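For reference, entry25.cif is printed below; it contains mmCIF, N, CA and C atoms.
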data_my_file
#
loop_
_atom_site.label_atom_id
_atom_site.label_comp_id
_atom_site.auth_asym_id
_atom_site.auth_seq_id
_atom_site.Cartn_x
_atom_site.Cartn_y
_atom_site.Cartn_z
N MET A 1 11.56 -1.85 -13.34
CA MET A 1 11.53 -1.78 -11.89
C MET A 1 11.01 -0.42 -11.42
N VAL A 2 11.31 0.63 -12.14
CA VAL A 2 10.87 1.97 -11.75
C VAL A 2 9.34 2.03 -11.73
N ARG A 3 8.69 1.42 -12.72
CA ARG A 3 7.23 1.40 -12.76
C ARG A 3 6.67 0.71 -11.53
N ASP A 4 7.28 -0.41 -11.14
CA ASP A 4 6.84 -1.14 -9.96
C ASP A 4 6.96 -0.28 -8.71
N ASP A 5 8.05 0.46 -8.59
CA ASP A 5 8.24 1.33 -7.43
C ASP A 5 7.16 2.40 -7.36
N LYS A 6 6.80 2.96 -8.51
CA LYS A 6 5.75 3.98 -8.54
C LYS A 6 4.40 3.40 -8.14
N ILE A 7 4.13 2.20 -8.59
CA ILE A 7 2.86 1.55 -8.22
C ILE A 7 2.83 1.27 -6.73
N ARG A 8 3.92 0.74 -6.19
CA ARG A 8 3.98 0.47 -4.74
C ARG A 8 3.75 1.74 -3.94
N LEU A 9 4.46 2.81 -4.32
CA LEU A 9 4.32 4.08 -3.61
C LEU A 9 2.90 4.62 -3.68
N LYS A 10 2.29 4.53 -4.84
CA LYS A 10 0.92 5.02 -4.99
C LYS A 10 -0.03 4.27 -4.05
N ILE A 11 0.15 2.96 -3.98
CA ILE A 11 -0.71 2.13 -3.12
C ILE A 11 -0.51 2.50 -1.65
N ILE A 12 0.74 2.56 -1.21
CA ILE A 12 1.01 2.86 0.20
C ILE A 12 0.58 4.27 0.55
N ARG A 13 0.81 5.24 -0.34
CA ARG A 13 0.39 6.62 -0.08
C ARG A 13 -1.12 6.72 0.10
N LYS A 14 -1.87 6.05 -0.78
CA LYS A 14 -3.33 6.13 -0.69
C LYS A 14 -3.84 5.43 0.57
N LEU A 15 -3.26 4.29 0.90
CA LEU A 15 -3.65 3.61 2.13
C LEU A 15 -3.35 4.48 3.35
N ALA A 16 -2.21 5.16 3.33
CA ALA A 16 -1.83 6.04 4.44
C ALA A 16 -2.77 7.24 4.51
N ARG A 17 -3.06 7.83 3.36
CA ARG A 17 -3.95 8.99 3.33
C ARG A 17 -5.33 8.64 3.88
N ASN A 18 -5.78 7.41 3.59
CA ASN A 18 -7.09 6.95 4.07
C ASN A 18 -7.01 6.30 5.45
N ARG A 19 -5.79 6.25 6.01
CA ARG A 19 -5.55 5.68 7.34
C ARG A 19 -6.13 4.28 7.48
N VAL A 20 -5.73 3.43 6.55
CA VAL A 20 -6.20 2.04 6.53
C VAL A 20 -5.30 1.21 7.46
N THR A 21 -5.64 1.24 8.75
CA THR A 21 -4.91 0.50 9.77
C THR A 21 -5.92 -0.09 10.75
N GLY A 22 -5.42 -0.94 11.63
CA GLY A 22 -6.29 -1.54 12.64
C GLY A 22 -7.41 -2.35 12.01
N SER A 23 -8.63 -2.10 12.42
CA SER A 23 -9.75 -2.86 11.87
C SER A 23 -10.22 -2.31 10.52
N HIS A 24 -9.70 -1.15 10.12
CA HIS A 24 -10.02 -0.57 8.82
C HIS A 24 -9.20 -1.33 7.77
N LYS A 25 -9.85 -1.89 6.79
CA LYS A 25 -9.17 -2.68 5.77
C LYS A 25 -9.76 -2.37 4.41
N LYS A 26 -9.04 -2.77 3.38
CA LYS A 26 -9.51 -2.63 2.00
C LYS A 26 -9.30 -3.96 1.29
N GLN A 27 -10.19 -4.27 0.37
CA GLN A 27 -10.02 -5.47 -0.43
C GLN A 27 -8.94 -5.24 -1.46
N VAL A 28 -8.19 -6.29 -1.77
CA VAL A 28 -7.13 -6.21 -2.79
C VAL A 28 -7.73 -5.69 -4.10
N GLU A 29 -8.91 -6.15 -4.44
CA GLU A 29 -9.59 -5.73 -5.67
C GLU A 29 -9.79 -4.21 -5.68
N THR A 30 -10.17 -3.64 -4.56
CA THR A 30 -10.37 -2.19 -4.46
C THR A 30 -9.05 -1.46 -4.62
N VAL A 31 -8.03 -1.94 -3.93
CA VAL A 31 -6.72 -1.27 -3.94
C VAL A 31 -6.11 -1.29 -5.34
N LYS A 32 -6.21 -2.40 -6.03
CA LYS A 32 -5.59 -2.46 -7.37
C LYS A 32 -6.30 -1.54 -8.35
N ASN A 33 -7.56 -1.21 -8.06
CA ASN A 33 -8.30 -0.29 -8.94
C ASN A 33 -7.87 1.16 -8.77
N TRP A 34 -7.00 1.44 -7.81
CA TRP A 34 -6.49 2.80 -7.62
C TRP A 34 -5.43 3.17 -8.64
N VAL A 35 -4.93 2.21 -9.39
CA VAL A 35 -3.90 2.48 -10.40
C VAL A 35 -4.52 2.39 -11.79
N ALA A 36 -3.76 2.81 -12.78
CA ALA A 36 -4.24 2.76 -14.17
C ALA A 36 -4.65 1.34 -14.55
N THR A 37 -5.64 1.24 -15.40
CA THR A 37 -6.15 -0.07 -15.83
C THR A 37 -5.04 -0.95 -16.36
N SER A 38 -4.13 -0.37 -17.11
CA SER A 38 -3.04 -1.15 -17.69
C SER A 38 -2.08 -1.70 -16.64
N ASP A 39 -2.09 -1.13 -15.44
CA ASP A 39 -1.19 -1.56 -14.36
C ASP A 39 -1.87 -2.41 -13.30
N GLN A 40 -3.16 -2.68 -13.43
CA GLN A 40 -3.89 -3.35 -12.37
C GLN A 40 -3.42 -4.79 -12.12
N GLY A 41 -3.10 -5.52 -13.16
CA GLY A 41 -2.59 -6.88 -12.97
C GLY A 41 -1.28 -6.88 -12.21
N ARG A 42 -0.40 -5.97 -12.61
CA ARG A 42 0.89 -5.85 -11.93
C ARG A 42 0.69 -5.37 -10.50
N ALA A 43 -0.25 -4.46 -10.29
CA ALA A 43 -0.52 -3.94 -8.94
C ALA A 43 -0.94 -5.07 -8.01
N GLU A 44 -1.79 -5.97 -8.49
CA GLU A 44 -2.21 -7.09 -7.64
C GLU A 44 -1.02 -7.96 -7.25
N ASP A 45 -0.13 -8.23 -8.21
CA ASP A 45 1.07 -9.01 -7.91
C ASP A 45 1.93 -8.30 -6.87
N LEU A 46 2.09 -6.99 -7.03
CA LEU A 46 2.92 -6.22 -6.09
C LEU A 46 2.30 -6.17 -4.70
N ILE A 47 0.99 -6.06 -4.63
CA ILE A 47 0.30 -6.07 -3.33
C ILE A 47 0.59 -7.39 -2.62
N ARG A 48 0.44 -8.48 -3.34
CA ARG A 48 0.66 -9.80 -2.73
C ARG A 48 2.13 -9.99 -2.34
N ASP A 49 3.05 -9.43 -3.14
CA ASP A 49 4.47 -9.47 -2.78
C ASP A 49 4.74 -8.67 -1.51
N MET A 50 4.12 -7.49 -1.41
CA MET A 50 4.34 -6.64 -0.23
C MET A 50 3.77 -7.30 1.03
N ILE A 51 2.69 -8.04 0.90
CA ILE A 51 2.12 -8.74 2.05
C ILE A 51 3.15 -9.72 2.62
N ARG A 52 3.90 -10.37 1.74
CA ARG A 52 4.89 -11.36 2.17
C ARG A 52 6.22 -10.74 2.60
N ASP A 53 6.45 -9.48 2.25
CA ASP A 53 7.71 -8.82 2.55
C ASP A 53 7.65 -8.19 3.95
N PRO A 54 8.48 -8.67 4.89
CA PRO A 54 8.43 -8.13 6.25
C PRO A 54 8.88 -6.66 6.34
N LYS A 55 9.55 -6.15 5.32
CA LYS A 55 9.98 -4.75 5.31
C LYS A 55 8.91 -3.80 4.78
N ALA A 56 7.90 -4.33 4.13
CA ALA A 56 6.83 -3.51 3.58
C ALA A 56 5.77 -3.26 4.66
N PRO A 57 5.16 -2.08 4.65
CA PRO A 57 4.19 -1.75 5.69
C PRO A 57 2.77 -2.23 5.38
N LEU A 58 2.67 -3.33 4.67
CA LEU A 58 1.36 -3.85 4.25
C LEU A 58 1.20 -5.27 4.77
N GLU A 59 0.01 -5.58 5.24
CA GLU A 59 -0.25 -6.94 5.72
C GLU A 59 -1.63 -7.40 5.29
N GLY A 60 -1.74 -8.71 5.11
CA GLY A 60 -3.04 -9.30 4.83
C GLY A 60 -3.85 -9.29 6.11
N TYR A 61 -5.15 -9.18 5.96
CA TYR A 61 -6.01 -9.09 7.13
C TYR A 61 -7.21 -9.99 6.93
N GLY A 62 -7.51 -10.79 7.91
CA GLY A 62 -8.63 -11.70 7.80
C GLY A 62 -8.19 -13.04 7.28
N GLY A 63 -9.07 -13.99 7.31
CA GLY A 63 -8.73 -15.36 6.91
C GLY A 63 -8.47 -15.52 5.43
N SER A 64 -9.13 -14.74 4.61
CA SER A 64 -9.03 -14.95 3.17
C SER A 64 -7.79 -14.31 2.56
N ARG A 65 -7.15 -13.41 3.27
CA ARG A 65 -5.99 -12.66 2.76
C ARG A 65 -6.36 -11.77 1.57
N ASP A 66 -7.64 -11.62 1.28
CA ASP A 66 -8.04 -10.71 0.21
C ASP A 66 -8.29 -9.31 0.73
N ASN A 67 -7.99 -9.09 2.00
CA ASN A 67 -8.07 -7.76 2.60
C ASN A 67 -6.67 -7.36 3.03
N VAL A 68 -6.38 -6.08 2.91
CA VAL A 68 -5.07 -5.57 3.33
C VAL A 68 -5.27 -4.34 4.20
N ARG A 69 -4.24 -4.05 4.99
CA ARG A 69 -4.18 -2.84 5.80
C ARG A 69 -2.71 -2.53 6.03
N LEU A 70 -2.44 -1.32 6.45
CA LEU A 70 -1.07 -0.93 6.80
C LEU A 70 -0.72 -1.50 8.17
N THR A 71 0.55 -1.79 8.36
CA THR A 71 1.01 -2.23 9.68
C THR A 71 0.99 -1.06 10.66
N GLY A 72 1.02 0.15 10.13
CA GLY A 72 0.95 1.36 10.95
C GLY A 72 1.24 2.58 10.10
N ILE A 73 0.74 3.72 10.54
CA ILE A 73 0.96 4.97 9.79
C ILE A 73 2.44 5.34 9.79
N GLU A 74 3.11 5.19 10.92
CA GLU A 74 4.55 5.52 10.98
C GLU A 74 5.35 4.62 10.04
N ASP A 75 5.00 3.34 9.96
CA ASP A 75 5.67 2.42 9.04
C ASP A 75 5.48 2.89 7.60
N ALA A 76 4.27 3.32 7.28
CA ALA A 76 3.98 3.79 5.92
C ALA A 76 4.77 5.06 5.61
N LYS A 77 4.81 5.99 6.58
CA LYS A 77 5.56 7.23 6.37
C LYS A 77 7.03 6.93 6.11
N GLU A 78 7.60 6.05 6.90
CA GLU A 78 9.01 5.68 6.72
C GLU A 78 9.23 5.05 5.35
N TYR A 79 8.35 4.16 4.95
CA TYR A 79 8.44 3.48 3.65
C TYR A 79 8.41 4.52 2.51
N ILE A 80 7.48 5.45 2.59
CA ILE A 80 7.34 6.47 1.54
C ILE A 80 8.57 7.37 1.50
N GLU A 81 9.02 7.84 2.65
CA GLU A 81 10.18 8.74 2.70
C GLU A 81 11.45 8.04 2.25
N ASP A 82 11.65 6.78 2.64
CA ASP A 82 12.85 6.03 2.25
C ASP A 82 12.95 5.84 0.75
N ARG A 83 11.82 5.90 0.07
CA ARG A 83 11.80 5.69 -1.38
C ARG A 83 11.64 7.00 -2.15
N GLY A 84 11.80 8.11 -1.46
CA GLY A 84 11.78 9.42 -2.11
C GLY A 84 10.40 9.91 -2.49
N GLY A 85 9.36 9.32 -1.92
CA GLY A 85 8.00 9.76 -2.22
C GLY A 85 7.57 10.92 -1.35
N ASP A 86 6.56 11.61 -1.78
CA ASP A 86 5.99 12.70 -1.00
C ASP A 86 4.92 12.16 -0.07
N LEU A 87 4.96 12.60 1.17
CA LEU A 87 3.94 12.18 2.13
C LEU A 87 2.60 12.82 1.74
N PRO A 88 1.53 12.07 1.91
CA PRO A 88 0.22 12.64 1.62
C PRO A 88 -0.09 13.79 2.58
N TRP A 89 -0.91 14.71 2.14
CA TRP A 89 -1.33 15.82 2.98
C TRP A 89 -1.96 15.25 4.24
N GLY A 90 -1.67 15.82 5.34
CA GLY A 90 -2.21 15.36 6.62
C GLY A 90 -1.24 14.44 7.36
N LEU A 91 -0.22 13.94 6.69
CA LEU A 91 0.78 13.10 7.34
C LEU A 91 2.12 13.79 7.43
N ARG A 92 2.21 14.96 6.87
CA ARG A 92 3.47 15.71 6.93
C ARG A 92 3.63 16.30 8.32
N ASP A 93 4.85 16.34 8.79
CA ASP A 93 5.11 16.90 10.12
C ASP A 93 5.00 18.39 10.13
#
Have the structure of the file written as structure tokens, please.
Amino acid sequence: MVRDDKIRLKIIRKLARNRVTGSHKKQVETVKNWVATSDQGRAEDLIRDMIRDPKAPLEGYGGSRDNVRLTGIEDAKEYIEDRGGDLPWGLRD
């Protein structure tokens, strides 16, 4: 479970750092490539789980659901802080 938490945090931190919200989106394929090759299959599963989780700051975007974006920067910051992660540079108060 700890590995999964690290993968989730890495994904949300990078999306937040790149400010992937609103009409700015990323393909699931692109996002899963942000983690180690050995973790990419698990990352895709976790991305799809987070899309379905109303507490996660990630949502599917577009008809195909193969695009994702953050529900908001503040949601991402709260998610990262609640899980003991470090906020990306530029999002720290």
Report the distance between atom C of Ser23 of chain A and atom N of Gly41 of chain A in Å, rounded to one decimal place.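 Rounded to one decimal, the two atoms are 24.9 Å apart.
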Helix (DSSP H, G or I) call set, DSSP backbone run, chain A, as an MDAnalysis selection string: chainID A and resid 2:17 28:32 37:52 73:82
Any chance you can output those residues with N, CA and C atoms as a compact mmCIF listing (two decimals), in the frame of the given file?
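Contents of part_26.txt, freshly written:
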# COMPACT_ATOMS: atom_id res chain seq x y z
N VAL A 2 11.31 0.63 -12.14
CA VAL A 2 10.87 1.97 -11.75
C VAL A 2 9.34 2.03 -11.73
N ARG A 3 8.69 1.42 -12.72
CA ARG A 3 7.23 1.40 -12.76
C ARG A 3 6.67 0.71 -11.53
N ASP A 4 7.28 -0.41 -11.14
CA ASP A 4 6.84 -1.14 -9.96
C ASP A 4 6.96 -0.28 -8.71
N ASP A 5 8.05 0.46 -8.59
CA ASP A 5 8.24 1.33 -7.43
C ASP A 5 7.16 2.40 -7.36
N LYS A 6 6.80 2.96 -8.51
CA LYS A 6 5.75 3.98 -8.54
C LYS A 6 4.40 3.40 -8.14
N ILE A 7 4.13 2.20 -8.59
CA ILE A 7 2.86 1.55 -8.22
C ILE A 7 2.83 1.27 -6.73
N ARG A 8 3.92 0.74 -6.19
CA ARG A 8 3.98 0.47 -4.74
C ARG A 8 3.75 1.74 -3.94
N LEU A 9 4.46 2.81 -4.32
CA LEU A 9 4.32 4.08 -3.61
C LEU A 9 2.90 4.62 -3.68
N LYS A 10 2.29 4.53 -4.84
CA LYS A 10 0.92 5.02 -4.99
C LYS A 10 -0.03 4.27 -4.05
N ILE A 11 0.15 2.96 -3.98
CA ILE A 11 -0.71 2.13 -3.12
C ILE A 11 -0.51 2.50 -1.65
N ILE A 12 0.74 2.56 -1.21
CA ILE A 12 1.01 2.86 0.20
C ILE A 12 0.58 4.27 0.55
N ARG A 13 0.81 5.24 -0.34
CA ARG A 13 0.39 6.62 -0.08
C ARG A 13 -1.12 6.72 0.10
N LYS A 14 -1.87 6.05 -0.78
CA LYS A 14 -3.33 6.13 -0.69
C LYS A 14 -3.84 5.43 0.57
N LEU A 15 -3.26 4.29 0.90
CA LEU A 15 -3.65 3.61 2.13
C LEU A 15 -3.35 4.48 3.35
N ALA A 16 -2.21 5.16 3.33
CA ALA A 16 -1.83 6.04 4.44
C ALA A 16 -2.77 7.24 4.51
N ARG A 17 -3.06 7.83 3.36
CA ARG A 17 -3.95 8.99 3.33
C ARG A 17 -5.33 8.64 3.88
N VAL A 28 -8.19 -6.29 -1.77
CA VAL A 28 -7.13 -6.21 -2.79
C VAL A 28 -7.73 -5.69 -4.10
N GLU A 29 -8.91 -6.15 -4.44
CA GLU A 29 -9.59 -5.73 -5.67
C GLU A 29 -9.79 -4.21 -5.68
N THR A 30 -10.17 -3.64 -4.56
CA THR A 30 -10.37 -2.19 -4.46
C THR A 30 -9.05 -1.46 -4.62
N VAL A 31 -8.03 -1.94 -3.93
CA VAL A 31 -6.72 -1.27 -3.94
C VAL A 31 -6.11 -1.29 -5.34
N LYS A 32 -6.21 -2.40 -6.03
CA LYS A 32 -5.59 -2.46 -7.37
C LYS A 32 -6.30 -1.54 -8.35
N THR A 37 -5.64 1.24 -15.40
CA THR A 37 -6.15 -0.07 -15.83
C THR A 37 -5.04 -0.95 -16.36
N SER A 38 -4.13 -0.37 -17.11
CA SER A 38 -3.04 -1.15 -17.69
C SER A 38 -2.08 -1.70 -16.64
N ASP A 39 -2.09 -1.13 -15.44
CA ASP A 39 -1.19 -1.56 -14.36
C ASP A 39 -1.87 -2.41 -13.30
N GLN A 40 -3.16 -2.68 -13.43
CA GLN A 40 -3.89 -3.35 -12.37
C GLN A 40 -3.42 -4.79 -12.12
N GLY A 41 -3.10 -5.52 -13.16
CA GLY A 41 -2.59 -6.88 -12.97
C GLY A 41 -1.28 -6.88 -12.21
N ARG A 42 -0.40 -5.97 -12.61
CA ARG A 42 0.89 -5.85 -11.93
C ARG A 42 0.69 -5.37 -10.50
N ALA A 43 -0.25 -4.46 -10.29
CA ALA A 43 -0.52 -3.94 -8.94
C ALA A 43 -0.94 -5.07 -8.01
N GLU A 44 -1.79 -5.97 -8.49
CA GLU A 44 -2.21 -7.09 -7.64
C GLU A 44 -1.02 -7.96 -7.25
N ASP A 45 -0.13 -8.23 -8.21
CA ASP A 45 1.07 -9.01 -7.91
C ASP A 45 1.93 -8.30 -6.87
N LEU A 46 2.09 -6.99 -7.03
CA LEU A 46 2.92 -6.22 -6.09
C LEU A 46 2.30 -6.17 -4.70
N ILE A 47 0.99 -6.06 -4.63
CA ILE A 47 0.30 -6.07 -3.33
C ILE A 47 0.59 -7.39 -2.62
N ARG A 48 0.44 -8.48 -3.34
CA ARG A 48 0.66 -9.80 -2.73
C ARG A 48 2.13 -9.99 -2.34
N ASP A 49 3.05 -9.43 -3.14
CA ASP A 49 4.47 -9.47 -2.78
C ASP A 49 4.74 -8.67 -1.51
N MET A 50 4.12 -7.49 -1.41
CA MET A 50 4.34 -6.64 -0.23
C MET A 50 3.77 -7.30 1.03
N ILE A 51 2.69 -8.04 0.90
CA ILE A 51 2.12 -8.74 2.05
C ILE A 51 3.15 -9.72 2.62
N ARG A 52 3.90 -10.37 1.74
CA ARG A 52 4.89 -11.36 2.17
C ARG A 52 6.22 -10.74 2.60
N ILE A 73 0.74 3.72 10.54
CA ILE A 73 0.96 4.97 9.79
C ILE A 73 2.44 5.34 9.79
N GLU A 74 3.11 5.19 10.92
CA GLU A 74 4.55 5.52 10.98
C GLU A 74 5.35 4.62 10.04
N ASP A 75 5.00 3.34 9.96
CA ASP A 75 5.67 2.42 9.04
C ASP A 75 5.48 2.89 7.60
N ALA A 76 4.27 3.32 7.28
CA ALA A 76 3.98 3.79 5.92
C ALA A 76 4.77 5.06 5.61
N LYS A 77 4.81 5.99 6.58
CA LYS A 77 5.56 7.23 6.37
C LYS A 77 7.03 6.93 6.11
N GLU A 78 7.60 6.05 6.90
CA GLU A 78 9.01 5.68 6.72
C GLU A 78 9.23 5.05 5.35
N TYR A 79 8.35 4.16 4.95
CA TYR A 79 8.44 3.48 3.65
C TYR A 79 8.41 4.52 2.51
N ILE A 80 7.48 5.45 2.59
CA ILE A 80 7.34 6.47 1.54
C ILE A 80 8.57 7.37 1.50
N GLU A 81 9.02 7.84 2.65
CA GLU A 81 10.18 8.74 2.70
C GLU A 81 11.45 8.04 2.25
N ASP A 82 11.65 6.78 2.64
CA ASP A 82 12.85 6.03 2.25
C ASP A 82 12.95 5.84 0.75
Looking at all atoms listed in the file, which of A:Ile80, A:Arg69, A:Ala56, A:Glu29 is the one that sits closest to Leu15 of chain A?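 The closest residue to Leu15 of chain A is A:Arg69.
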Given the PyMOL selection byres ((chain A and resi 28) around 8) and the file above, list the residues it selects as a ChimeraX atom specification. /A:25-27,29-33,43-44,47-48,65-68
One decimal place gives the atom N of Gly90 of chain A-atom C of Thr37 of chain A separation as 27.6 Å
Please, what distance in Å, to one decimal, runs between atom CA of Thr21 of chain A and atom C of Asp53 of chain A?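 Going from atom CA of Thr21 of chain A over to atom C of Asp53 of chain A, I get 16.3 Å.
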Using the chain letters and residue numbers of this document, give as an MDAnalysis selection string the residues selected by the PyMOL selection byres ((chain A and resi 72) around 7). chainID A and resid 20:22 57:58 69:71 73:77
